Structure formats: structure tokens, C-alpha cells
>>> print(open('data.txt').read())   # compact mmCIF, C-alpha atoms
# COMPACT_ATOMS: atom_id res chain seq x y z
CA MET A 1321 -16.89 18.81 -34.49
CA ASN A 1322 -14.34 17.96 -37.19
CA ILE A 1323 -11.53 15.41 -36.85
CA VAL A 1324 -8.85 18.01 -36.05
CA SER A 1325 -10.94 19.47 -33.22
CA ARG A 1326 -11.65 16.03 -31.85
CA LEU A 1327 -7.94 15.16 -31.89
CA LYS A 1328 -7.09 18.41 -30.11
CA SER A 1329 -9.78 17.75 -27.52
CA ALA A 1330 -8.58 14.18 -26.98
CA ARG A 1331 -4.99 15.39 -26.66
CA ALA A 1332 -6.02 18.01 -24.10
CA ARG A 1333 -7.87 15.39 -22.03
CA LEU A 1334 -4.89 13.03 -22.18
CA LEU A 1335 -2.49 15.75 -21.04
CA LEU A 1336 -4.81 16.64 -18.17
CA LEU A 1337 -5.03 12.97 -17.16
CA LEU A 1338 -1.24 12.69 -17.20
CA ALA A 1339 -1.02 15.80 -15.04
CA VAL A 1340 -3.51 14.44 -12.51
CA ILE A 1341 -2.34 10.82 -12.11
CA GLY A 1342 -0.06 10.01 -9.23
CA PRO A 1343 -1.73 9.77 -5.82
CA GLY A 1344 -3.89 6.74 -6.70
CA ILE A 1345 -1.16 4.72 -8.43
CA ILE A 1346 1.40 5.44 -5.72
CA THR A 1347 -0.93 4.68 -2.81
CA THR A 1348 -2.15 1.33 -4.09
CA ASN A 1349 1.31 0.12 -5.07
CA VAL A 1350 3.01 1.12 -1.82
CA ASP A 1351 0.70 -1.34 -0.06
CA ASN A 1352 2.58 -4.07 -1.95
CA ASP A 1353 5.39 -3.60 0.56
CA ALA A 1354 7.79 -6.04 2.25
CA GLY A 1355 5.04 -7.53 4.42
CA GLY A 1356 2.64 -7.79 1.51
CA ILE A 1357 5.19 -9.45 -0.77
CA THR A 1358 5.95 -11.95 1.97
CA THR A 1359 2.23 -12.78 2.23
CA TYR A 1360 1.83 -13.25 -1.52
CA SER A 1361 5.02 -15.32 -1.75
CA VAL A 1362 3.87 -17.63 1.06
CA ALA A 1363 0.42 -17.93 -0.56
CA GLY A 1364 1.94 -19.12 -3.85
CA ALA A 1365 4.59 -21.34 -2.27
CA HIS A 1366 2.22 -23.10 0.13
CA TYR A 1367 -1.04 -23.22 -1.85
CA GLY A 1368 -0.09 -22.80 -5.49
CA ASN A 1369 -2.51 -20.84 -7.67
CA SER A 1370 -5.54 -21.78 -5.55
CA LEU A 1371 -5.85 -18.30 -4.00
CA LEU A 1372 -5.75 -16.32 -7.26
CA TRP A 1373 -9.55 -16.17 -7.46
CA ALA A 1374 -9.57 -13.96 -4.33
CA LEU A 1375 -7.58 -11.16 -5.97
CA PRO A 1376 -10.56 -9.55 -7.81
CA LEU A 1377 -12.38 -9.43 -4.45
CA ALA A 1378 -9.34 -7.69 -2.97
CA GLY A 1379 -9.42 -5.21 -5.86
CA ILE A 1380 -13.10 -4.40 -5.29
CA THR A 1381 -12.46 -3.87 -1.58
CA LEU A 1382 -9.57 -1.55 -2.35
CA PHE A 1383 -11.60 0.40 -4.92
CA PHE A 1384 -14.33 1.41 -2.49
CA ALA A 1385 -11.81 2.63 0.09
CA GLN A 1386 -9.59 4.53 -2.35
CA GLU A 1387 -12.49 6.01 -4.34
CA MET A 1388 -14.09 7.50 -1.26
CA SER A 1389 -10.74 8.82 -0.04
CA ALA A 1390 -10.05 10.44 -3.41
CA ARG A 1391 -13.51 11.99 -3.54
CA LEU A 1392 -13.11 13.48 -0.07
CA GLY A 1393 -9.75 14.97 -0.97
CA VAL A 1394 -10.72 16.42 -4.34
CA ILE A 1395 -14.06 17.91 -3.26
CA THR A 1396 -13.13 19.28 0.17
CA GLY A 1397 -9.51 20.21 -0.52
CA LYS A 1398 -8.64 18.89 2.95
CA GLY A 1399 -6.76 15.89 4.27
CA LEU A 1400 -8.54 13.11 6.17
CA ALA A 1401 -7.00 14.02 9.55
CA ASP A 1402 -8.09 17.62 9.03
CA LEU A 1403 -11.68 16.53 8.35
CA ILE A 1404 -11.73 14.18 11.34
CA ARG A 1405 -10.61 17.00 13.63
CA GLU A 1406 -13.29 19.31 12.25
CA LYS A 1407 -16.14 16.81 12.37
CA PHE A 1408 -15.35 14.59 15.37
CA GLY A 1409 -13.27 16.74 17.68
CA VAL A 1410 -9.80 16.65 19.20
CA ARG A 1411 -10.26 13.54 21.41
CA TRP A 1412 -11.14 11.19 18.55
CA THR A 1413 -8.42 12.75 16.44
CA ALA A 1414 -5.79 12.31 19.16
CA LEU A 1415 -6.79 8.66 19.70
CA ILE A 1416 -6.63 7.79 15.99
CA ILE A 1417 -3.43 9.73 15.40
CA GLY A 1418 -1.69 8.18 18.42
CA ILE A 1419 -2.35 4.63 17.20
CA MET A 1420 -1.53 5.62 13.61
CA VAL A 1421 1.88 7.04 14.52
CA PHE A 1422 2.88 3.92 16.43
CA ALA A 1423 1.54 1.59 13.72
CA ASN A 1424 3.30 3.53 10.98
CA TRP A 1425 6.56 3.45 12.94
CA ALA A 1426 6.28 -0.35 13.23
CA ASN A 1427 5.46 -0.55 9.51
CA THR A 1428 8.48 1.62 8.72
CA VAL A 1429 10.68 -0.77 10.70
CA SER A 1430 9.41 -3.65 8.56
CA GLU A 1431 10.16 -1.70 5.35
CA PHE A 1432 13.76 -1.06 6.37
CA ALA A 1433 13.95 -4.74 7.33
CA GLY A 1434 12.87 -5.45 3.75
CA VAL A 1435 15.67 -3.21 2.45
CA ALA A 1436 18.18 -5.07 4.63
CA ALA A 1437 16.89 -8.52 3.61
CA SER A 1438 16.89 -7.76 -0.13
CA MET A 1439 20.40 -6.30 -0.10
CA GLU A 1440 21.77 -9.19 1.98
CA ILE A 1441 20.84 -11.41 -0.98
CA PHE A 1442 23.45 -9.46 -2.95
CA GLY A 1443 26.00 -9.64 -0.13
CA VAL A 1444 25.50 -6.09 1.16
CA SER A 1445 25.43 -5.68 4.95
CA LYS A 1446 22.42 -4.03 6.56
CA TYR A 1447 24.85 -1.61 8.23
CA ILE A 1448 25.50 -0.19 4.76
CA SER A 1449 22.15 -0.61 2.98
CA VAL A 1450 19.84 0.71 5.73
CA PRO A 1451 21.71 3.98 6.46
CA LEU A 1452 22.05 4.70 2.73
CA ALA A 1453 18.34 4.02 2.19
CA ALA A 1454 17.38 6.20 5.16
CA ILE A 1455 19.53 9.11 3.98
CA GLY A 1456 18.21 8.74 0.43
CA VAL A 1457 14.50 8.81 1.29
CA TRP A 1458 15.04 11.68 3.74
CA LEU A 1459 16.90 13.80 1.19
CA LEU A 1460 14.27 13.08 -1.47
CA VAL A 1461 11.47 14.62 0.57
CA VAL A 1462 13.45 17.46 2.15
CA LYS A 1463 15.18 18.71 -0.99
CA ALA A 1464 12.63 18.09 -3.77
CA SER A 1465 9.30 19.65 -4.76
CA TYR A 1466 6.04 17.68 -4.64
CA LYS A 1467 6.18 17.14 -8.42
CA SER A 1468 9.71 15.74 -8.23
CA VAL A 1469 8.88 13.45 -5.32
CA GLU A 1470 5.77 12.19 -7.10
CA ARG A 1471 7.76 11.43 -10.26
CA VAL A 1472 10.26 9.37 -8.26
CA PHE A 1473 7.42 7.46 -6.58
CA LEU A 1474 5.75 6.81 -9.96
CA VAL A 1475 9.00 5.51 -11.46
CA ALA A 1476 9.41 3.25 -8.42
CA SER A 1477 5.85 1.97 -9.00
CA VAL A 1478 6.76 1.07 -12.58
CA PHE A 1479 9.62 -1.12 -11.30
CA TYR A 1480 7.10 -3.53 -9.79
CA ILE A 1481 7.08 -4.90 -13.32
CA SER A 1482 10.15 -6.91 -12.23
CA TYR A 1483 7.66 -9.37 -10.73
CA VAL A 1484 6.00 -9.77 -14.11
CA ALA A 1485 9.37 -10.62 -15.68
CA SER A 1486 10.15 -12.99 -12.82
CA ALA A 1487 6.85 -14.81 -13.38
CA LEU A 1488 7.49 -15.15 -17.12
CA MET A 1489 10.91 -16.67 -16.40
CA ALA A 1490 9.29 -19.17 -14.05
CA LYS A 1491 7.36 -20.53 -17.07
CA PRO A 1492 4.00 -21.25 -15.41
CA ALA A 1493 1.22 -23.27 -17.02
CA TRP A 1494 -0.86 -20.28 -18.11
CA PRO A 1495 -4.10 -22.19 -18.83
CA ALA A 1496 -4.04 -23.51 -15.26
CA VAL A 1497 -3.30 -20.01 -13.95
CA LEU A 1498 -6.29 -18.54 -15.80
CA ARG A 1499 -8.58 -21.32 -14.57
CA ALA A 1500 -7.51 -20.71 -10.98
CA ALA A 1501 -8.08 -16.97 -11.37
CA VAL A 1502 -11.76 -17.42 -12.33
CA THR A 1503 -12.66 -20.54 -10.35
CA PRO A 1504 -13.31 -20.08 -6.62
CA SER A 1505 -11.88 -22.90 -4.52
CA PHE A 1506 -11.79 -23.56 -0.80
CA GLN A 1507 -9.62 -25.66 1.43
CA PHE A 1508 -10.83 -26.18 4.99
CA ASP A 1509 -7.35 -25.67 6.32
CA THR A 1510 -6.45 -23.03 8.91
CA GLY A 1511 -3.43 -21.77 6.97
CA TYR A 1512 -5.36 -21.52 3.71
CA LEU A 1513 -8.31 -19.69 5.26
CA LEU A 1514 -6.01 -17.28 7.10
CA LEU A 1515 -4.12 -16.47 3.90
CA LEU A 1516 -7.43 -16.00 2.07
CA VAL A 1517 -8.55 -13.51 4.71
CA THR A 1518 -5.14 -11.80 4.65
CA LEU A 1519 -5.11 -11.40 0.86
CA ILE A 1520 -8.43 -9.57 1.00
CA GLY A 1521 -8.21 -7.88 4.38
CA THR A 1522 -4.73 -6.40 4.10
CA THR A 1523 -5.38 -4.72 0.75
CA VAL A 1524 -6.64 -1.72 2.72
CA ALA A 1525 -4.32 -0.18 5.33
CA PRO A 1526 -5.30 2.86 7.43
CA TRP A 1527 -2.31 4.94 6.30
CA GLN A 1528 -3.41 4.61 2.65
CA GLN A 1529 -6.54 6.71 3.09
CA PHE A 1530 -4.61 9.43 4.91
CA TYR A 1531 -1.72 9.50 2.44
CA GLN A 1532 -3.79 9.50 -0.75
CA GLN A 1533 -6.07 12.28 0.47
CA SER A 1534 -3.14 14.41 1.68
CA ALA A 1535 -1.27 13.87 -1.60
CA ILE A 1536 -4.36 14.98 -3.56
CA VAL A 1537 -4.54 18.16 -1.48
CA ASP A 1538 -0.78 18.77 -1.74
CA LYS A 1539 -1.03 18.37 -5.51
CA GLY A 1540 -3.84 20.92 -5.66
CA LEU A 1541 -6.50 18.77 -7.38
CA LYS A 1542 -9.95 20.37 -7.62
CA PRO A 1543 -13.52 19.13 -8.43
CA PRO A 1544 -12.98 19.40 -12.25
CA HIS A 1545 -10.16 16.84 -11.83
CA LEU A 1546 -12.35 14.26 -10.04
CA ASN A 1547 -13.04 11.98 -13.02
CA TYR A 1548 -9.36 11.97 -13.96
CA GLU A 1549 -8.41 11.09 -10.39
CA MET A 1550 -10.86 8.17 -10.55
CA VAL A 1551 -8.91 6.88 -13.55
CA ASP A 1552 -5.73 7.27 -11.50
CA VAL A 1553 -7.28 5.18 -8.70
CA LEU A 1554 -8.53 2.47 -11.07
CA VAL A 1555 -5.24 2.17 -12.95
CA GLY A 1556 -3.38 1.92 -9.65
CA ILE A 1557 -5.67 -0.82 -8.34
CA VAL A 1558 -5.56 -2.93 -11.52
CA TYR A 1559 -1.77 -2.65 -11.71
CA ALA A 1560 -1.29 -3.46 -8.01
CA ILE A 1561 -3.58 -6.50 -8.14
CA LEU A 1562 -1.85 -7.80 -11.29
CA VAL A 1563 1.51 -7.48 -9.53
CA VAL A 1564 0.15 -9.51 -6.61
CA GLY A 1565 -1.05 -12.14 -9.06
CA PHE A 1566 2.36 -12.42 -10.73
CA ILE A 1567 4.09 -12.81 -7.35
CA VAL A 1568 1.72 -15.65 -6.45
CA VAL A 1569 2.19 -17.27 -9.87
CA THR A 1570 5.99 -17.04 -9.65
CA CYS A 1571 6.09 -18.87 -6.33
CA ALA A 1572 3.32 -21.31 -7.27
CA SER A 1573 5.02 -22.46 -10.49
CA THR A 1574 8.42 -22.96 -8.84
CA LEU A 1575 8.34 -23.36 -5.07
CA PHE A 1576 4.90 -24.99 -4.73
CA VAL A 1577 5.39 -27.60 -7.45
CA ASN A 1578 8.77 -28.52 -5.93
CA GLY A 1579 7.52 -28.56 -2.35
CA VAL A 1580 9.80 -25.76 -1.14
CA PRO A 1581 8.38 -24.09 1.99
CA ILE A 1582 9.22 -20.45 2.77
CA GLU A 1583 8.51 -17.96 5.53
CA THR A 1584 9.64 -14.63 4.03
CA ALA A 1585 10.05 -12.87 0.68
CA LYS A 1586 13.82 -13.21 1.09
CA ASP A 1587 13.40 -17.00 1.36
CA ALA A 1588 11.40 -16.91 -1.87
CA ALA A 1589 14.06 -14.97 -3.77
CA LEU A 1590 16.82 -17.32 -2.61
CA ALA A 1591 14.77 -20.44 -3.35
CA LEU A 1592 13.97 -19.25 -6.88
CA ARG A 1593 17.61 -19.30 -8.01
CA PRO A 1594 17.99 -23.08 -8.53
CA LEU A 1595 14.40 -23.47 -9.76
CA ALA A 1596 13.81 -20.54 -12.13
CA GLY A 1597 17.34 -19.30 -12.74
CA ALA A 1598 19.54 -16.53 -11.37
CA HIS A 1599 17.81 -13.81 -13.40
CA ALA A 1600 14.37 -14.62 -12.02
CA ALA A 1601 15.74 -14.67 -8.46
CA THR A 1602 17.55 -11.37 -9.00
CA LEU A 1603 14.44 -9.68 -10.38
CA PHE A 1604 12.38 -10.97 -7.45
CA ALA A 1605 14.95 -9.62 -4.97
CA LEU A 1606 15.12 -6.27 -6.77
CA GLY A 1607 11.34 -6.09 -6.62
CA LEU A 1608 11.51 -6.56 -2.84
CA LEU A 1609 14.15 -3.82 -2.57
CA ASN A 1610 12.12 -1.43 -4.72
CA ALA A 1611 8.93 -2.09 -2.74
CA SER A 1612 10.69 -1.63 0.59
CA LEU A 1613 12.37 1.62 -0.49
CA LEU A 1614 9.12 3.07 -1.83
CA ALA A 1615 7.20 2.18 1.33
CA SER A 1616 9.99 3.44 3.62
CA ALA A 1617 9.67 6.80 1.86
CA VAL A 1618 5.87 7.02 1.80
CA LEU A 1619 4.97 5.77 5.30
CA PRO A 1620 6.95 8.47 7.20
CA LEU A 1621 5.54 11.03 4.77
CA SER A 1622 2.00 9.81 5.44
CA THR A 1623 2.60 10.06 9.19
CA ALA A 1624 3.90 13.61 8.93
CA TYR A 1625 0.81 14.61 6.92
CA VAL A 1626 -1.53 13.01 9.46
CA VAL A 1627 -0.03 14.64 12.56
CA CYS A 1628 0.31 18.11 11.04
CA GLU A 1629 -3.22 18.10 9.61
CA ALA A 1630 -4.63 16.91 12.93
CA PHE A 1631 -3.11 19.80 14.86
CA GLY A 1632 -3.28 22.47 12.17
CA TRP A 1633 0.46 22.74 11.54
CA GLU A 1634 1.96 23.60 8.17
CA SER A 1635 2.61 20.58 5.98
CA GLY A 1636 3.53 19.70 2.41
CA VAL A 1637 6.49 18.39 0.46
CA SER A 1638 6.74 21.64 -1.50
CA LYS A 1639 7.16 23.68 1.71
CA ARG A 1640 10.60 24.84 2.82
CA LEU A 1641 12.11 23.30 5.94
CA SER A 1642 11.72 26.65 7.72
CA GLU A 1643 8.03 26.84 6.70
CA ALA A 1644 7.05 23.38 7.99
CA PRO A 1645 9.64 22.33 10.60
CA VAL A 1646 7.28 19.97 12.45
CA PHE A 1647 6.27 18.23 9.20
CA PHE A 1648 9.86 17.56 8.17
CA GLY A 1649 10.87 16.80 11.77
CA ILE A 1650 8.26 14.04 12.11
CA HIS A 1651 9.29 12.64 8.74
CA ALA A 1652 12.97 12.55 9.75
CA ALA A 1653 12.23 11.10 13.21
CA LEU A 1654 10.21 8.20 11.81
CA ILE A 1655 12.96 7.35 9.31
CA LEU A 1656 15.62 7.55 12.01
CA LEU A 1657 13.67 5.43 14.50
CA GLY A 1658 12.50 2.96 11.85
CA GLY A 1659 15.91 2.37 10.31
CA GLY A 1660 17.62 2.46 13.72
CA VAL A 1661 15.69 -0.53 15.05
CA VAL A 1662 16.79 -2.65 12.07
CA LEU A 1663 20.44 -1.88 12.89
CA LEU A 1664 20.08 -3.23 16.44
CA PRO A 1665 21.49 -6.74 17.01
CA LEU A 1666 18.06 -8.36 17.12
CA LYS A 1667 17.53 -11.99 16.13
CA SER A 1668 14.20 -11.34 14.45
CA LEU A 1669 11.92 -8.43 13.59
CA VAL A 1670 8.90 -10.68 13.08
CA ALA A 1671 7.31 -9.57 16.37
CA THR A 1672 7.55 -5.91 15.36
CA MET A 1673 6.08 -6.65 11.93
CA MET A 1674 3.20 -8.58 13.50
CA ALA A 1675 2.59 -5.72 15.95
CA SER A 1676 2.29 -3.27 13.06
CA GLN A 1677 -0.28 -5.47 11.33
CA THR A 1678 -2.22 -5.88 14.59
CA LEU A 1679 -2.30 -2.11 15.13
CA ASN A 1680 -3.43 -1.61 11.54
CA GLY A 1681 -6.24 -4.03 12.33
CA VAL A 1682 -7.26 -2.07 15.42
CA ILE A 1683 -7.49 1.27 13.65
CA LEU A 1684 -8.82 0.23 10.22
CA PRO A 1685 -12.49 -0.29 11.26
CA ILE A 1686 -12.48 3.09 13.02
CA VAL A 1687 -11.02 4.88 9.99
CA MET A 1688 -13.40 3.20 7.53
CA VAL A 1689 -16.51 3.99 9.59
CA VAL A 1690 -15.35 7.60 10.01
CA MET A 1691 -14.75 7.86 6.26
CA LEU A 1692 -18.23 6.52 5.51
CA ARG A 1693 -19.79 9.06 7.83
CA LEU A 1694 -17.83 11.81 6.07
CA VAL A 1695 -18.77 10.72 2.53
CA ASN A 1696 -22.44 10.56 3.59
CA ASP A 1697 -22.35 14.14 4.87
CA ARG A 1698 -24.21 16.21 2.26
CA GLY A 1699 -23.26 19.39 4.08
CA LEU A 1700 -19.64 18.48 3.37
CA LEU A 1701 -19.79 16.93 -0.12
CA GLY A 1702 -23.14 18.13 -1.50
CA ARG A 1703 -24.06 16.24 -4.65
CA TYR A 1704 -20.82 14.24 -4.40
CA ALA A 1705 -21.96 12.47 -1.21
CA ASN A 1706 -22.70 8.73 -1.25
CA ARG A 1707 -26.18 7.72 -2.25
CA GLY A 1708 -28.42 4.77 -3.06
CA LEU A 1709 -27.03 1.40 -4.03
CA TYR A 1710 -23.43 2.65 -3.97
CA ASN A 1711 -23.80 3.54 -0.31
CA VAL A 1712 -25.31 0.15 0.52
CA LEU A 1713 -22.40 -1.59 -1.22
CA ALA A 1714 -19.89 0.67 0.52
CA TRP A 1715 -21.29 -0.19 3.96
CA ALA A 1716 -21.37 -3.89 3.04
CA ILE A 1717 -17.71 -3.77 1.99
CA VAL A 1718 -16.77 -2.03 5.25
CA ILE A 1719 -18.68 -4.58 7.34
CA VAL A 1720 -16.91 -7.43 5.52
CA LEU A 1721 -13.59 -5.64 5.98
CA ILE A 1722 -14.25 -5.27 9.71
CA ALA A 1723 -15.10 -9.00 9.96
CA LEU A 1724 -11.88 -9.92 8.14
CA THR A 1725 -9.91 -7.60 10.40
CA ILE A 1726 -11.36 -9.27 13.51
CA ILE A 1727 -10.29 -12.67 12.15
CA LEU A 1728 -6.78 -11.40 11.44
CA LEU A 1729 -6.55 -9.83 14.91
CA ALA A 1730 -7.68 -13.08 16.51
CA ALA A 1731 -5.06 -15.01 14.52
CA ALA A 1732 -2.33 -12.52 15.51
CA LEU A 1733 -3.26 -12.41 19.21
CA PHE A 1734 -4.04 -16.13 19.59
CA PRO A 1735 -1.78 -17.91 17.05
CA GLY A 1736 -2.31 -21.28 18.67
CA MET A 1737 -6.06 -21.46 18.17
CA GLY A 1738 -7.33 -23.70 15.40
>>> encode(input="data.txt", output="C-alpha cells")
Amino acid sequence: MNIVSRLKSARARLLLLLAVIGPGIITTNVDNDAGGITTYSVAGAHYGNSLLWALPLAGITLFFAQEMSARLGVITGKGLADLIREKFGVRWTALIIGIMVFANWANTVSEFAGVAASMEIFGVSKYISVPLAAIGVWLLVVKASYKSVERVFLVASVFYISYVASALMAKPAWPAVLRAAVTPSFQFDTGYLLLLVTLIGTTVAPWQQFYQQSAIVDKGLKPPHLNYEMVDVLVGIVYAILVVGFIVVTCASTLFVNGVPIETAKDAALALRPLAGAHAATLFALGLLNASLLASAVLPLSTAYVVCEAFGWESGVSKRLSEAPVFFGIHAALILLGGGVVLLPLKSLVATMMASQTLNGVILPIVMVVMLRLVNDRGLLGRYANRGLYNVLAWAIVIVLIALTIILLAAALFPGMG
């Protein structure tokens, strides 16, 4: 093959990759939502860079979950809820979907709370920011095609780079950061151990597997696209984990070294202003807004996919409203109910946020075990089914994930212990 042919071939592969990418990058970055950013901010502010070494472990955990989800979607051409209904029956499906809908509603509340908190930093009332955000994300899905929606989500994912800029402005000691990233360290402190478990355990949320697989189906990806979708998944994971690292570094190099305690991502943004400058604080706050908006758009969409697939109703962003009324109705209802709670005169939404994380913890082990049974089904995936060492590692990751989830559930249900 001459040079010209090789260049043409390489260009064709690159164009195909660019056409395929989307579901993996979007799914992994949406998990860096308001709750996640709060966790990473608290980790950096309270324990400095000492938890950075756990991020590669979080990335490995996320890879196994997202890779299996992508493989199921590309090879079968069906969403996860659809496969669960076919393989495990209506009762299991109804149980999983019922918990998922409630958990996703609670998560959506927390995302709109993130919108409200980030805009309050700029002096904008939640009674303005939340309705505008709700209308915006609703119109995006109802009026646009899948390709248009995906482009908006990808652009939103790019804006997580604001946390990279914020970290650079904080001027961390980079040699110390690199040492912390490759040197495991432990502190036998309840708060430290809980944050360590959280950093690893919350990298995988149940809605992620459902959304990514449904997005792959909606996009029309087929078996020849599988390797390109794996690149999409890997790029998304690396980018998402790097963003987490920069959030931790930002708070570690400013709040931790100055002994400034925080409880939320909003606290972190406000505390950064006198320590790292107005620009760093603004970028951090804009990152919170971007993350909250992206998640408030994706979570209702994921829920609509799940319910419609489970009961065999028409679904898909590219459908007309008249073609998939239940799909768009569920999407609108979740946005309305999620944003509406934030507008109520409540003192705190922390209980709702904790409830969403607890429900995620309840359903995650079930979803992961079901996924593993599906990816081991040779009648379903043929030569693409799990095998050998990969399958052993996948089961080991799931068992560890279940153990971490049990710890997180215990901490949420019995906060006074330890």
C-alpha cells in the first residue's frame, strides 16, 4: 500500500471514529455532576492530594462497567431495559425500573439544586435560573434530532476543562501532585476512608449503563463500529478521571493548605475567590453550572429510555412528539418534578441528595450482576461474550463494587457509626 492509500485509509478511519464517538464521552462525564463535584471538592479541601492515587482504580472500575454496556448495545442493538425484560421477565424489570425512576428523580432534583447554587454565586435567584434551565433542557430534547442533542452534550463535556484552568490558576506544587497520584496512602480516619470508598464506588451509577446503551442504539451503531466505540469509552473515562483529579488538586492547593473546610461545591467556589483569585472561582462555579445543566438534561432522558424500553413503547430523541408521546412525557415530567422541588421553600436539599445516592446503592449491585449475566450469554452475544481472564476480572470488579456500595449504604443509613 503506497503512502497516498495509507493516508486515505487513515483519514477514513478517523472520520468514522468521529462519527461514532459520543455515547461513551457523554456518559462518563455526566457522572461528574453536582454531587460528584461536591465529593471531589470535599476530598481535596479536607485531605489534600492524599486521595489522588485512588483515581486510577476508579477509572478501571468505570471501564469494566462502560465497556460491557457498550458491547451489549452495539452487538444486540437493544437497550439494557429491553434486554432485562426479555431475559428476566416483567417482575424483575418492574422492580428495577421502579427504583430507577425514583432514584433518577432524586438525582434530577440534586442537579437542579446544583444549577441554583452555581447561579446564586453570580447573584441570580433560583426562581429565575431553575425555570430557565428546565425549559432549556426540555426544548433541547423535544425540538432537536439525536445528532443535534449529542453535539450539545459533547460541547458541554468539553467545558469541564474549566476545572483544568481553575487548577492551573491555583498554582499547585506539581511534583507533590504527581507523587500523590502514584503513591498509595492510607489514613485510618472514618472521613478519609469514606471518601476513599466514595471516590471509587460512585464512579459507576446505575443510570449510566442504561443511558449509554440506549444512546448507542438510538445512534444506530452496529458491530463494525465496536472498536471505535471502545475508543469513545476510553477517551471519556480518561477525560472524566483527569477532570476529577484537577478538581481535587484545585481544592487541595488552596482550601486544604489554608485550612478552609467546606461542605458543598458552592462553598468551594466561594472560598476559592480570596485564595486563588476571582477568575479561578468563576471558572469553578461555571464548571458546576455546566455539570449540573448537562446532568439535568441526561438523567430525565435516561429515565425515559429505561421506562419505554421496559414496556415496549416507542422511544428516541429523533422521534416526533406524536410518535413517542410517553417517552417525551416521562422526560418532561421528570424535569418538571425535579426542578419544582428546588423551587419549594426548603431549608436544605441534602436529605434528597442523600436519598438518591442511597437508592443508587440499592440498585447498582442488581444492575451489575444482571449485566454480567447478559454479557456471559453466548446465545445473546456469540463470540463477543465475556471469556477467560477478562470475565474473572469483571466479576472481581463487580464484587468489589458491591462491597463498596454496602459500605456507602451503611454510612448513609447509620451516619453516627464509627
>>> residues_near_point(input="data.txt", point="(-5.8, -1.7, 6.9)", cutoff="6 Å", atoms="all atoms listed in the file", output="PyMOL selection string")
chain A and resi 1522+1524-1526+1680-1681+1684
>>> residues_around(input="data.txt", residues="A:Gly1511", least_positions_apart="4", cutoff="9 Å", atoms="only C-alpha atoms", output="PDB file with C-alpha atoms, in the frame of the given file")
ATOM      1  CA  HIS A1366       2.220 -23.100   0.130  1.00  0.00           C
ATOM      2  CA  LEU A1515      -4.120 -16.470   3.900  1.00  0.00           C
ATOM      3  CA  LEU A1516      -7.430 -16.000   2.070  1.00  0.00           C
TER       4      LEU A1516
END
>>> residues_around(input="data.txt", residues="A:Ser1477", least_positions_apart="6", cutoff="8 Å", atoms="all atoms listed in the file", output="list in words")
Ile1345, Ile1346, Asn1349, Val1350 and Leu1614 of chain A
>>> closest_residue(input="data.txt", among="A:Ala1617, A:Val1362, A:Leu1498, A:Ala1390", to="A:Phe1473", atoms="only C-alpha atoms")
A:Ala1617
>>> axis_aligned_box(input="data.txt", around="stretch 1475-1493 of chain A", padding_each_side="8 Å", output="lines of an AutoDock Vina configuration file")
center_x = 6.1
center_y = -8.9
center_z = -12.8
size_x = 25.7
size_y = 44.8
size_z = 24.7
>>> closest_atom_pairs(input="data.txt", of="stretch 1505-1554 of chain A", to="stretch 1391-1406 of chain A", cutoff="7 Å", atoms="only C-alpha atoms", output="Markdown table")
| residue | atom | partner | partner_atom | distance |
| --- | --- | --- | --- | --- |
| A:Phe1530 | CA | A:Leu1400 | CA | 5.5 |
| A:Gln1533 | CA | A:Gly1393 | CA | 4.8 |
| A:Ser1534 | CA | A:Gly1399 | CA | 4.7 |
| A:Ile1536 | CA | A:Gly1393 | CA | 6.0 |
| A:Val1537 | CA | A:Gly1397 | CA | 5.5 |
| A:Leu1541 | CA | A:Val1394 | CA | 5.7 |
| A:Lys1542 | CA | A:Val1394 | CA | 5.2 |
| A:Pro1543 | CA | A:Ile1395 | CA | 5.3 |
| A:Leu1546 | CA | A:Val1394 | CA | 6.3 |
>>> atom_distance(input="data.txt", atom1="atom CA of A:Ile1655", atom2="atom CA of A:Val1627")
15.2 Å
>>> residues_around(input="data.txt", residues="A:Lys1586", least_positions_apart="5", cutoff="9 Å", atoms="all atoms listed in the file", output="PyMOL selection string")
chain A and resi 1358+1434+1437-1438+1440-1441+1591+1604-1605+1608
>>> decode(input="data.txt", residues="stretch 1442-1481 of chain A", atoms="C-alpha atoms", output="tab-separated table (two decimals), in the first residue's frame")
chain	number	residue	atom	x	y	z
A	1442	PHE	CA	-23.42	35.21	40.41
A	1443	GLY	CA	-26.39	36.79	42.18
A	1444	VAL	CA	-29.10	35.08	40.12
A	1445	SER	CA	-32.13	33.82	42.07
A	1446	LYS	CA	-33.10	30.17	41.79
A	1447	TYR	CA	-36.58	31.33	40.79
A	1448	ILE	CA	-35.01	32.58	37.56
A	1449	SER	CA	-32.19	30.10	36.92
A	1450	VAL	CA	-34.08	26.84	37.57
A	1451	PRO	CA	-37.13	27.55	35.34
A	1452	LEU	CA	-34.86	28.77	32.53
A	1453	ALA	CA	-32.68	25.66	32.84
A	1454	ALA	CA	-35.72	23.37	32.91
A	1455	ILE	CA	-37.25	24.98	29.81
A	1456	GLY	CA	-33.89	24.88	28.02
A	1457	VAL	CA	-33.16	21.18	28.58
A	1458	TRP	CA	-36.77	20.26	27.74
A	1459	LEU	CA	-36.73	22.19	24.46
A	1460	LEU	CA	-33.35	20.71	23.51
A	1461	VAL	CA	-34.65	17.14	23.58
A	1462	VAL	CA	-38.13	17.81	22.20
A	1463	LYS	CA	-37.12	20.01	19.27
A	1464	ALA	CA	-33.74	18.61	18.17
A	1465	SER	CA	-32.60	15.43	16.42
A	1466	TYR	CA	-30.37	12.87	18.16
A	1467	LYS	CA	-27.31	14.22	16.33
A	1468	SER	CA	-28.03	17.78	17.46
A	1469	VAL	CA	-28.63	16.74	21.06
A	1470	GLU	CA	-25.43	14.69	21.09
A	1471	ARG	CA	-23.41	17.64	19.75
A	1472	VAL	CA	-24.73	19.87	22.53
A	1473	PHE	CA	-23.86	17.24	25.14
A	1474	LEU	CA	-20.36	16.83	23.68
A	1475	VAL	CA	-19.75	20.59	23.73
A	1476	ALA	CA	-20.95	20.65	27.35
A	1477	SER	CA	-18.47	17.84	28.12
A	1478	VAL	CA	-15.64	19.94	26.67
A	1479	PHE	CA	-16.48	22.76	29.12
A	1480	TYR	CA	-15.34	20.59	32.02
A	1481	ILE	CA	-11.95	21.93	31.00
